[in-house]
file run-v4.cif (mmCIF, C-alpha atoms (C1' of nucleotides))
data_query
loop_
_atom_site.group_PDB
_atom_site.id
_atom_site.type_symbol
_atom_site.label_atom_id
_atom_site.label_comp_id
_atom_site.auth_asym_id
_atom_site.auth_seq_id
_atom_site.Cartn_x
_atom_site.Cartn_y
_atom_site.Cartn_z
ATOM 1 C CA MET N 1 -61.989 30.807 6.729
ATOM 2 C CA ALA N 2 -65.632 29.903 6.665
ATOM 3 C CA THR N 3 -66.498 33.161 8.242
ATOM 4 C CA ALA N 4 -70.216 33.164 8.121
ATOM 5 C CA GLY N 5 -69.424 36.731 8.927
ATOM 6 C CA PRO N 6 -70.919 38.813 11.639
ATOM 7 C CA PRO N 7 -74.110 39.702 9.797
ATOM 8 C CA HIS N 8 -76.163 42.745 10.454
ATOM 9 C CA TYR N 9 -74.236 45.468 12.032
ATOM 10 C CA ALA N 10 -76.784 46.892 14.316
ATOM 11 C CA SER N 11 -76.672 50.612 13.919
ATOM 12 C CA TRP N 12 -77.305 51.771 17.388
ATOM 13 C CA VAL N 13 -80.258 53.961 17.985
ATOM 14 C CA PRO N 14 -79.601 55.942 21.110
ATOM 15 C CA PRO N 15 -82.079 55.275 23.848
ATOM 16 C CA THR N 16 -84.110 58.417 23.503
ATOM 17 C CA GLY N 17 -82.906 60.757 26.152
ATOM 18 C CA HIS N 18 -85.806 63.121 25.989
ATOM 19 C CA SER N 19 -88.705 60.763 26.321
ATOM 20 C CA ALA N 20 -89.202 60.060 29.989
ATOM 21 C CA PRO N 21 -86.448 57.582 30.712
ATOM 22 C CA SER N 22 -86.718 55.486 33.790
ATOM 23 C CA THR N 23 -90.081 56.291 35.200
ATOM 24 C CA ALA N 24 -91.936 55.407 32.018
ATOM 25 C CA GLY N 25 -92.752 51.739 31.928
ATOM 26 C CA VAL N 26 -92.049 50.312 35.310
ATOM 27 C CA ASP N 27 -93.297 46.840 34.560
ATOM 28 C CA GLU N 28 -91.813 46.705 31.094
ATOM 29 C CA VAL N 29 -89.382 43.937 30.401
ATOM 30 C CA ARG N 30 -85.994 45.561 30.272
ATOM 31 C CA THR N 31 -83.955 42.413 30.515
ATOM 32 C CA ILE N 32 -82.251 40.566 27.728
ATOM 33 C CA PHE N 33 -81.544 36.903 27.446
ATOM 34 C CA VAL N 34 -78.333 35.843 25.742
ATOM 35 C CA LEU N 35 -77.339 32.425 24.445
ATOM 36 C CA GLY N 36 -74.355 31.125 22.581
ATOM 37 C CA PHE N 37 -71.561 31.585 25.061
ATOM 38 C CA PRO N 38 -68.810 29.007 25.170
ATOM 39 C CA PRO N 39 -69.310 26.595 28.076
ATOM 40 C CA ASP N 40 -66.388 28.019 29.984
ATOM 41 C CA VAL N 41 -67.677 31.564 30.005
ATOM 42 C CA LYS N 42 -67.584 33.408 33.280
ATOM 43 C CA GLU N 43 -70.255 35.656 34.638
ATOM 44 C CA ARG N 44 -67.658 38.356 34.829
ATOM 45 C CA GLU N 45 -67.183 38.223 31.077
ATOM 46 C CA LEU N 46 -70.784 39.111 30.533
ATOM 47 C CA GLN N 47 -70.520 41.913 33.017
ATOM 48 C CA ASN N 48 -67.447 43.327 31.381
ATOM 49 C CA LEU N 49 -69.021 43.029 28.000
ATOM 50 C CA LEU N 50 -72.034 45.023 29.036
ATOM 51 C CA ARG N 51 -71.047 47.275 31.840
ATOM 52 C CA TRP N 52 -70.386 50.249 29.575
ATOM 53 C CA TRP N 53 -73.558 49.888 27.660
ATOM 54 C CA PRO N 54 -75.909 52.840 28.103
ATOM 55 C CA GLY N 55 -78.495 51.921 30.673
ATOM 56 C CA TYR N 56 -76.812 48.763 31.891
ATOM 57 C CA GLU N 57 -77.806 47.855 35.425
ATOM 58 C CA ALA N 58 -76.955 44.285 36.201
ATOM 59 C CA SER N 59 -76.277 40.940 34.667
ATOM 60 C CA GLN N 60 -76.107 37.330 35.581
ATOM 61 C CA MET N 61 -74.900 34.103 34.019
ATOM 62 C CA ASN N 62 -76.853 30.947 34.610
ATOM 63 C CA PHE N 63 -75.761 27.492 33.589
ATOM 64 C CA LYS N 64 -78.213 24.988 32.316
ATOM 65 C CA GLY N 65 -76.066 21.899 32.079
ATOM 66 C CA ASP N 66 -73.062 23.260 30.260
ATOM 67 C CA GLN N 67 -75.143 25.716 28.329
ATOM 68 C CA PRO N 68 -74.599 29.192 29.724
ATOM 69 C CA MET N 69 -77.483 31.613 29.641
ATOM 70 C CA GLY N 70 -76.864 35.256 30.238
ATOM 71 C CA PHE N 71 -79.332 37.774 31.544
ATOM 72 C CA ALA N 72 -78.834 41.502 31.676
ATOM 73 C CA LEU N 73 -81.036 44.155 33.124
ATOM 74 C CA PHE N 74 -81.178 47.693 31.763
ATOM 75 C CA THR N 75 -82.791 50.881 32.912
ATOM 76 C CA SER N 76 -85.311 50.858 30.130
ATOM 77 C CA ALA N 77 -86.774 48.548 27.556
ATOM 78 C CA ALA N 78 -85.276 50.730 24.852
ATOM 79 C CA ALA N 79 -81.806 50.372 26.273
ATOM 80 C CA ALA N 80 -82.312 46.663 26.595
ATOM 81 C CA MET N 81 -83.417 46.318 23.013
ATOM 82 C CA ALA N 82 -80.512 48.373 21.764
ATOM 83 C CA ALA N 83 -78.127 46.162 23.670
ATOM 84 C CA LYS N 84 -79.913 43.099 22.410
ATOM 85 C CA ASP N 85 -79.480 44.192 18.819
ATOM 86 C CA ALA N 86 -75.840 44.948 19.370
ATOM 87 C CA LEU N 87 -75.171 41.552 20.868
ATOM 88 C CA GLN N 88 -77.073 39.780 18.162
ATOM 89 C CA ASN N 89 -74.745 37.539 16.183
ATOM 90 C CA LEU N 90 -71.752 38.925 17.946
ATOM 91 C CA VAL N 91 -68.814 36.584 17.630
ATOM 92 C CA PHE N 92 -68.042 36.214 21.274
ATOM 93 C CA ASP N 93 -65.101 33.916 20.977
ATOM 94 C CA LEU N 94 -63.077 33.603 17.817
ATOM 95 C CA GLU N 95 -61.508 30.326 18.830
ATOM 96 C CA THR N 96 -64.717 28.497 19.484
ATOM 97 C CA SER N 97 -66.480 30.692 16.973
ATOM 98 C CA SER N 98 -69.375 31.014 19.306
ATOM 99 C CA THR N 99 -71.933 33.494 18.143
ATOM 100 C CA LEU N 100 -74.358 35.114 20.494
ATOM 101 C CA ARG N 101 -78.090 35.110 20.180
ATOM 102 C CA ALA N 102 -79.957 37.687 22.149
ATOM 103 C CA GLU N 103 -83.636 38.037 22.886
ATOM 104 C CA MET N 104 -85.760 40.017 25.191
ATOM 105 C CA ALA N 105 -86.262 38.002 28.331
ATOM 106 C CA LYS N 106 -89.641 36.780 29.453
ATOM 107 C CA LYS N 107 -89.386 38.599 32.705
ATOM 108 C CA ASN N 108 -87.013 40.981 34.340
ATOM 109 C CA LEU N 109 -83.866 39.842 36.015
ATOM 110 C CA TYR N 110 -84.369 39.920 39.719
ATOM 111 C CA VAL N 111 -81.589 41.830 41.332
ATOM 112 C CA LYS N 112 -80.975 41.351 44.966
ATOM 113 C CA ARG N 113 -80.608 44.612 46.745
ATOM 114 C CA GLY N 114 -77.013 45.712 46.600
ATOM 115 C CA VAL N 115 -76.048 43.304 43.878
ATOM 116 C CA THR N 116 -75.718 44.796 40.471
ATOM 117 C CA GLY N 117 -73.736 42.148 38.773
ATOM 118 C CA MET N 118 -70.433 43.758 39.489
ATOM 119 C CA GLY N 119 -69.516 40.792 41.630
ATOM 120 C CA THR N 120 -71.179 38.950 44.420
ATOM 121 C CA GLU N 121 -69.346 40.527 47.264
ATOM 122 C CA THR N 122 -70.177 43.951 46.031
ATOM 123 C CA PRO N 123 -68.484 46.761 47.822
ATOM 124 C CA PRO N 124 -71.079 49.119 49.167
ATOM 125 C CA PHE N 125 -69.504 52.220 47.802
ATOM 126 C CA ASP N 126 -70.938 53.055 44.436
ATOM 127 C CA GLN N 127 -73.875 50.809 43.889
ATOM 128 C CA SER N 128 -76.394 53.550 44.100
ATOM 129 C CA LYS N 129 -74.170 55.803 42.087
ATOM 130 C CA ARG N 130 -73.860 53.161 39.436
ATOM 131 C CA LEU N 131 -77.582 52.930 39.126
ATOM 132 C CA ARG N 132 -78.145 56.596 39.109
ATOM 133 C CA THR N 133 -75.459 57.253 36.576
ATOM 134 C CA ALA N 134 -76.879 54.735 34.224
ATOM 135 C CA GLY N 135 -79.778 56.999 33.482
ATOM 136 C CA ASP N 136 -77.500 59.776 32.407
ATOM 137 C CA TYR N 137 -76.306 57.768 29.487
ATOM 138 C CA THR N 138 -79.528 58.293 27.717
ATOM 139 C CA SER N 139 -78.594 61.753 26.575
ATOM 140 C CA GLN N 140 -75.108 60.925 25.502
ATOM 141 C CA TYR N 141 -72.851 57.950 25.777
ATOM 142 C CA ALA N 142 -70.582 59.589 28.277
ATOM 143 C CA PRO N 143 -67.140 58.195 28.822
ATOM 144 C CA PRO N 144 -67.282 55.279 31.236
ATOM 145 C CA GLY N 145 -64.237 56.680 32.906
ATOM 146 C CA GLY N 146 -66.519 59.318 34.225
ATOM 147 C CA PHE N 147 -67.819 57.169 36.989
ATOM 148 C CA ALA N 148 -65.049 54.689 37.297
ATOM 149 C CA PRO N 149 -64.199 54.422 40.955
ATOM 150 C CA ALA N 150 -60.688 54.720 39.641
ATOM 151 C CA PRO N 151 -57.934 54.687 42.058
ATOM 152 C CA ALA N 152 -55.182 56.393 40.126
ATOM 153 C CA SER N 153 -53.661 53.080 39.228
ATOM 154 C CA TRP N 154 -56.737 51.687 37.572
ATOM 155 C CA VAL N 155 -55.932 51.276 33.933
ATOM 156 C CA PRO N 156 -59.128 50.666 32.021
ATOM 157 C CA GLN N 157 -57.667 48.745 29.128
ATOM 158 C CA SER N 158 -55.923 46.164 31.194
ATOM 159 C CA TYR N 159 -58.588 43.526 31.329
ATOM 160 C CA ILE N 160 -55.661 41.210 31.631
ATOM 161 C CA PRO N 161 -53.385 42.060 34.485
ATOM 162 C CA PRO N 162 -50.130 43.106 32.868
ATOM 163 C CA ALA N 163 -47.700 40.300 33.437
ATOM 164 C CA GLY N 164 -44.679 42.338 34.305
ATOM 165 C CA SER N 165 -46.776 45.046 35.860
ATOM 166 C CA PHE N 166 -45.529 47.270 33.129
ATOM 167 C CA ASP N 167 -47.368 50.507 33.040
ATOM 168 C CA PRO N 168 -46.535 52.641 30.037
ATOM 169 C CA TYR N 169 -48.320 55.546 31.648
ATOM 170 C CA ALA N 170 -46.527 55.388 34.917
ATOM 171 C CA GLY N 171 -45.016 58.750 34.240
ATOM 172 C CA TYR N 172 -48.107 60.383 32.932
ATOM 173 C CA CYS N 173 -50.576 59.872 35.727
ATOM 174 C CA MET N 174 -53.763 60.013 33.767
ATOM 175 C CA PRO N 175 -55.689 63.121 34.523
ATOM 176 C CA PRO N 176 -58.892 61.975 36.183
ATOM 177 C CA LEU N 177 -60.922 62.599 33.101
ATOM 178 C CA GLN N 178 -62.177 66.001 33.846
ATOM 179 C CA PRO N 179 -65.370 66.659 31.978
ATOM 180 C CA VAL N 180 -64.332 66.373 28.400
ATOM 181 C CA ALA N 181 -64.346 69.593 26.454
ATOM 182 C CA GLN N 182 -67.675 70.428 24.934
ATOM 183 C CA PRO N 183 -68.085 68.180 21.952
ATOM 184 C CA LEU N 184 -67.762 70.018 18.712
ATOM 185 C CA VAL N 185 -70.103 67.525 17.208
ATOM 186 C CA THR N 186 -73.022 67.352 19.534
ATOM 187 C CA SER N 187 -75.771 65.982 17.400
ATOM 188 C CA VAL N 188 -74.343 62.601 16.565
ATOM 189 C CA ALA N 189 -74.603 59.950 19.188
ATOM 190 C CA PRO N 190 -71.679 57.588 18.892
ATOM 191 C CA VAL N 191 -72.426 54.227 17.429
ATOM 192 C CA ALA N 192 -71.620 51.902 20.239
ATOM 193 C CA PRO N 193 -69.351 49.073 19.259
ATOM 194 C CA ALA N 194 -70.935 45.661 19.389
ATOM 195 C CA GLY N 195 -68.674 44.592 22.164
ATOM 196 C CA TYR N 196 -65.187 44.559 23.489
ATOM 197 C CA VAL N 197 -62.346 42.173 23.385
ATOM 198 C CA PRO N 198 -59.544 42.249 25.893
ATOM 199 C CA MET N 199 -56.716 44.126 24.297
ATOM 200 C CA GLN N 200 -53.224 44.422 25.572
ATOM 201 C CA ASN N 201 -51.471 47.540 24.599
ATOM 202 C CA THR N 202 -47.878 46.939 25.453
ATOM 203 C CA LYS N 203 -46.229 49.790 23.652
ATOM 204 C CA ASP N 204 -47.772 53.173 23.661
ATOM 205 C CA ASN N 205 -46.789 56.782 23.308
ATOM 206 C CA PRO N 206 -47.462 59.749 25.525
ATOM 207 C CA PRO N 207 -51.053 60.906 25.415
ATOM 208 C CA CYS N 208 -51.739 63.407 22.684
ATOM 209 C CA ASN N 209 -54.700 64.615 20.677
ATOM 210 C CA THR N 210 -54.354 61.963 18.009
ATOM 211 C CA LEU N 211 -55.088 58.293 18.274
ATOM 212 C CA PHE N 212 -53.565 55.570 16.211
ATOM 213 C CA VAL N 213 -55.790 52.584 15.589
ATOM 214 C CA GLY N 214 -54.198 49.248 14.956
ATOM 215 C CA ASN N 215 -55.185 45.627 14.673
ATOM 216 C CA LEU N 216 -57.598 46.330 11.873
ATOM 217 C CA GLY N 217 -57.883 43.822 9.062
ATOM 218 C CA GLU N 218 -57.838 44.736 5.402
ATOM 219 C CA SER N 219 -61.568 44.275 5.218
ATOM 220 C CA THR N 220 -62.145 47.063 7.689
ATOM 221 C CA ASN N 221 -64.893 49.320 6.586
ATOM 222 C CA GLU N 222 -64.211 53.017 6.889
ATOM 223 C CA ALA N 223 -67.846 53.844 7.421
ATOM 224 C CA GLU N 224 -67.979 51.617 10.435
ATOM 225 C CA LEU N 225 -64.926 53.238 11.927
ATOM 226 C CA ARG N 226 -66.380 56.633 11.273
ATOM 227 C CA GLY N 227 -69.593 55.560 12.873
ATOM 228 C CA ILE N 228 -67.778 54.600 16.004
ATOM 229 C CA PHE N 229 -65.462 57.572 16.276
ATOM 230 C CA SER N 230 -67.165 60.537 14.705
ATOM 231 C CA GLY N 231 -69.714 60.800 17.472
ATOM 232 C CA GLN N 232 -67.168 60.729 20.245
ATOM 233 C CA PRO N 233 -66.817 63.923 22.203
ATOM 234 C CA GLY N 234 -64.081 66.115 20.773
ATOM 235 C CA PHE N 235 -63.808 64.244 17.488
ATOM 236 C CA ARG N 236 -62.220 66.346 14.773
ATOM 237 C CA GLN N 237 -61.127 64.194 11.878
ATOM 238 C CA MET N 238 -60.195 60.734 10.862
ATOM 239 C CA LYS N 239 -57.899 59.239 8.307
ATOM 240 C CA VAL N 240 -57.797 55.659 7.185
ATOM 241 C CA LEU N 241 -54.721 54.119 5.699
ATOM 242 C CA ARG N 242 -54.600 50.832 3.874
ATOM 243 C CA GLN N 243 -51.388 48.956 4.330
ATOM 244 C CA GLY N 244 -51.671 45.794 2.385
ATOM 245 C CA ARG N 245 -52.933 43.170 4.732
ATOM 246 C CA SER N 246 -53.886 45.512 7.479
ATOM 247 C CA THR N 247 -55.413 48.876 7.982
ATOM 248 C CA VAL N 248 -54.510 51.687 10.293
ATOM 249 C CA CYS N 249 -56.389 54.786 11.192
ATOM 250 C CA PHE N 250 -55.696 58.163 12.747
ATOM 251 C CA ILE N 251 -58.189 60.154 14.689
ATOM 252 C CA GLU N 252 -57.733 63.706 15.763
ATOM 253 C CA PHE N 253 -59.512 65.132 18.777
ATOM 254 C CA ALA N 254 -60.013 68.677 19.894
ATOM 255 C CA ASP N 255 -57.961 68.093 22.994
ATOM 256 C CA VAL N 256 -55.882 65.499 24.744
ATOM 257 C CA ASN N 257 -58.540 64.653 27.288
ATOM 258 C CA SER N 258 -60.990 63.669 24.617
ATOM 259 C CA ALA N 259 -58.376 61.445 23.079
ATOM 260 C CA ILE N 260 -57.579 59.895 26.432
ATOM 261 C CA ALA N 261 -61.216 59.154 27.077
ATOM 262 C CA VAL N 262 -61.654 57.397 23.770
ATOM 263 C CA HIS N 263 -58.328 55.633 24.112
ATOM 264 C CA ASN N 264 -59.574 54.099 27.321
ATOM 265 C CA ASN N 265 -63.215 53.595 26.556
ATOM 266 C CA LEU N 266 -62.947 52.075 23.138
ATOM 267 C CA GLN N 267 -59.865 49.993 23.719
ATOM 268 C CA GLY N 268 -60.517 46.585 22.231
ATOM 269 C CA ALA N 269 -63.844 47.640 20.791
ATOM 270 C CA ILE N 270 -65.023 45.155 18.246
ATOM 271 C CA VAL N 271 -64.955 46.262 14.650
ATOM 272 C CA MET N 272 -67.385 44.093 12.782
ATOM 273 C CA SER N 273 -65.969 44.678 9.351
ATOM 274 C CA SER N 274 -62.466 43.905 10.464
ATOM 275 C CA ASP N 275 -61.511 40.279 10.628
ATOM 276 C CA ARG N 276 -59.483 40.711 13.761
ATOM 277 C CA GLY N 277 -62.064 41.419 16.363
ATOM 278 C CA GLY N 278 -61.034 44.286 18.581
ATOM 279 C CA MET N 279 -59.127 47.396 17.675
ATOM 280 C CA ARG N 280 -55.990 48.555 19.408
ATOM 281 C CA LEU N 281 -55.858 52.200 20.356
ATOM 282 C CA GLN N 282 -52.583 53.969 20.855
ATOM 283 C CA TYR N 283 -51.519 57.561 20.976
ATOM 284 C CA SER N 284 -50.024 58.645 17.707
ATOM 285 C CA LYS N 285 -46.335 59.216 17.318
ATOM 286 C CA ASN N 286 -47.008 62.233 15.156
ATOM 287 C CA PRO N 287 -50.080 63.993 16.427
ATOM 288 C CA PHE N 288 -51.971 66.458 14.352
ATOM 289 C CA GLY N 289 -51.235 70.082 14.875
ATOM 290 C CA ARG N 290 -47.532 69.885 15.355
ATOM 291 C CA LYS N 291 -46.574 71.029 11.931
ATOM 292 C CA LYS N 292 -44.532 73.965 13.138
ATOM 293 C CA GLU N 293 -42.313 71.947 15.399
ATOM 294 C CA PHE N 294 -41.960 69.349 12.726
ATOM 295 C CA MET N 295 -40.835 71.874 10.150
ATOM 296 C CA ASN N 296 -38.522 73.654 12.506
ATOM 297 C CA ASN N 297 -36.829 70.489 13.523
ATOM 298 C CA HIS N 298 -36.259 69.581 9.934
ATOM 299 C CA GLN N 299 -34.871 72.890 8.732
ATOM 300 C CA GLU N 300 -36.535 72.199 5.476
ATOM 301 C CA ASN N 301 -35.457 75.350 3.700
ATOM 302 C CA GLY N 302 -32.177 76.025 5.398
ATOM 303 C CA ALA N 303 -28.946 74.220 5.905
ATOM 304 C CA PRO N 304 -29.841 70.752 7.102
ATOM 305 C CA GLY N 305 -27.553 70.405 10.019
ATOM 306 C CA VAL N 306 -27.524 73.921 11.354
ATOM 307 C CA PRO N 307 -28.523 73.893 14.978
ATOM 308 C CA THR N 308 -31.207 76.366 15.809
ATOM 309 C CA ARG N 309 -30.115 78.695 18.501
ATOM 310 C CA ASP N 310 -32.952 79.177 20.884
ATOM 311 C CA THR N 311 -32.824 82.907 20.769
ATOM 312 C CA ASN N 312 -36.508 83.313 21.386
ATOM 313 C CA THR N 313 -38.546 80.998 23.460
ATOM 314 C "C1'" DA C 1 -47.003 45.158 16.369
ATOM 315 C "C1'" DG C 2 -48.666 48.288 11.041
ATOM 316 C "C1'" DC C 3 -47.806 56.025 12.385
ATOM 317 C "C1'" DA C 4 -49.964 59.979 7.441
ATOM 318 C "C1'" DC C 5 -50.908 64.592 6.748
ATOM 319 C "C1'" DA C 6 -49.502 69.412 7.429
#

call {"tool": "encode", "arguments": {"input": "run-v4.cif", "output": "C-alpha cells"}}
result
Amino acid sequence: MATAGPPHYASWVPPTGHSAPSTAGVDEVRTIFVLGFPPDVKERELQNLLRWWPGYEASQMNFKGDQPMGFALFTSAAAAMAAKDALQNLVFDLETSSTLRAEMAKKNLYVKRGVTGMGTETPPFDQSKRLRTAGDYTSQYAPPGGFAPAPASWVPQSYIPPAGSFDPYAGYCMPPLQPVAQPLVTSVAPVAPAGYVPMQNTKDNPPCNTLFVGNLGESTNEAELRGIFSGQPGFRQMKVLRQGRSTVCFIEFADVNSAIAVHNNLQGAIVMSSDRGGMRLQYSKNPFGRKKEFMNNHQENGAPGVPTRDTNT
DNA sequence: AGCACA
C-alpha cells in the first residue's frame, strides 16, 4: 500500500463571479507552475487535465532535462489559485505514484496569439470563443459540453479512442446539450474534482435521469461524492451503497439532460477518498421515478403471469 | 465491471 494518501482535499472556492472578473488585475500573475509529472508526460495530458477548469486559458509543458514543468494560464489570479490548490498533491499517475506540486508562477505564461494550448496547429475556429467562454465559468461551472465544438460523433469520455470503435450511444445521438434545465439547487457551486483520469465506459445503458457511479473503493467518502454532485445543475438526490470491497452510488437528476451533462463532464473525475482514482459514470438500469411501470410489470398484487391487456394507453 | 429505492 504505502499510500501516503492524497492529503488535503482542496474544497474549491468558486472564483467569485460577482467581483469584476477579467478586467480587475491585468498584471496579476494568473499562471500556475506544476511539478511532479512523470518524465513521459505529454503536454496534451496537462491540457486535458485542465481544460475544463473554470477560467482555464492555456497551458504548456516544458522539459528541463527529463523533469517536466507545466504552466497553465487562467483568466484570473483567483481561478489560478483555485486550480493550483486542486492540483496540489494530486496523484497524477498511480503507477509511478507521481504526485503533483503546484505553485503560482513567477510570471504569466506567454501565449502566442492564436495558441491556447489546445495544440500547436490550432484550428482557427473557436479560439476566441474559448477565451470568451472561460469568463462565464465564474458564475457557475457550466457543463463543458456547452462549448465543445462537438461534431455529433464527439464522445467526451473517450479520451482513449475506442478500440473497436464501439459506440454504445450510436442509437441515441446525444442531444446537443441544450441549456440544462434551471438548476433546482442554484446556490451551491459544484466542488470541482481534483482532476480526471481517462475512463473507458464500455457498457452503458440508455440515458436516463439517474446515474450509476462505479469504480469507487470502499474508502470512498460520501461527503466528497456529495460535494461533487450536489452542486451539479439538476441534482435531486444521491444514494450511496456499500458493497463490501467497493462502493456504488446513484444520483437522480431533474431531467435526462442534466444527467447526460454530468455523465459526460465528470466521467473519470478523481475521487480523492476512493482508492481507485477516477469514477465511472453510467446511466442507471433502474432510474428513479419509474415506480409505476415497475409495479405494473410485476403485477405485484394480482396473478403473477397474467398478461396486461393494453386496454388504455 | 459492482444497479437500490419506490

call {"tool": "closest_residue", "arguments": {"input": "run-v4.cif", "among": "N:Val262, N:Met272, N:Val213, N:Val197", "to": "chain C", "atoms": "all atoms listed in the file"}}
result
N:Val213

call {"tool": "interface_residues", "arguments": {"input": "run-v4.cif", "of": "chain N", "to": "chain C", "cutoff": "7 Å", "atoms": "only C-alpha atoms (C1' of nucleotides)", "output": "JSON, numbers by chain"}}
result
{"N": [212, 214, 246, 248, 284, 285, 286, 291]}

call {"tool": "atom_distance", "arguments": {"input": "run-v4.cif", "atom1": "atom CA of Pro38 of chain N", "atom2": "atom CA of Ser98 of chain N"}}
result
6.2 Å

call {"tool": "atom_distance", "arguments": {"input": "run-v4.cif", "atom1": "atom CA of Pro206 of chain N", "atom2": "atom CA of Ala269 of chain N"}}
result
20.9 Å

call {"tool": "atom_distance", "arguments": {"input": "run-v4.cif", "atom1": "atom CA of Phe288 of chain N", "atom2": "atom CA of Asn205 of chain N"}}
result
14.2 Å

call {"tool": "residues_around", "arguments": {"input": "run-v4.cif", "residues": "Thr96 of chain N", "least_positions_apart": "4", "cutoff": "10 Å", "atoms": "all atoms listed in the file", "output": "MDAnalysis selection string"}}
result
chainID N and resid 37:39 91:92

call {"tool": "residues_around", "arguments": {"input": "run-v4.cif", "residues": "Glu43 of chain N", "least_positions_apart": "4", "cutoff": "7 Å", "atoms": "only C-alpha atoms (C1' of nucleotides)", "output": "number ranges by chain"}}
result
N: 47, 60-61

call {"tool": "residues_around", "arguments": {"input": "run-v4.cif", "residues": "Leu94 of chain N", "least_positions_apart": "3", "cutoff": "10 Å", "atoms": "only C-alpha atoms (C1' of nucleotides)", "output": "ChimeraX atom specification"}}
result
/N:91,97-99,275-277

call {"tool": "resolve_selection", "arguments": {"input": "run-v4.cif", "expression": "the PyMOL selection byres ((chain N and resi 208) around 7)", "output": "list in words"}}
result
Pro206, Pro207, Asn209, Thr210, Val256, Ala259, Tyr283 and Pro287 of chain N

call {"tool": "resolve_selection", "arguments": {"input": "run-v4.cif", "expression": "the PyMOL selection byres ((chain N and resi 35) around 6)", "output": "short mmCIF file (atom, residue, chain, number, x, y, z; two decimals) with C-alpha atoms, in the coordinates of the input"}}
result
data_model
loop_
_atom_site.label_atom_id
_atom_site.label_comp_id
_atom_site.auth_asym_id
_atom_site.auth_seq_id
_atom_site.Cartn_x
_atom_site.Cartn_y
_atom_site.Cartn_z
CA VAL N 34 -78.33 35.84 25.74
CA GLY N 36 -74.36 31.12 22.58
CA PHE N 37 -71.56 31.58 25.06
CA MET N 69 -77.48 31.61 29.64
CA LEU N 100 -74.36 35.11 20.49
CA ARG N 101 -78.09 35.11 20.18
#

call {"tool": "closest_residue", "arguments": {"input": "run-v4.cif", "among": "N:Met279, N:Ala72, N:Asn264, N:Val240", "to": "Pro193 of chain N", "atoms": "only C-alpha atoms"}}
result
N:Met279

call {"tool": "axis_aligned_box", "arguments": {"input": "run-v4.cif", "around": "segment 228-242 of chain N", "padding_each_side": "3 Å", "output": "JSON"}}
result
{"center_x": -62.2, "center_y": 58.6, "center_z": 13.0, "size_x": 21.1, "size_y": 21.5, "size_z": 24.3}
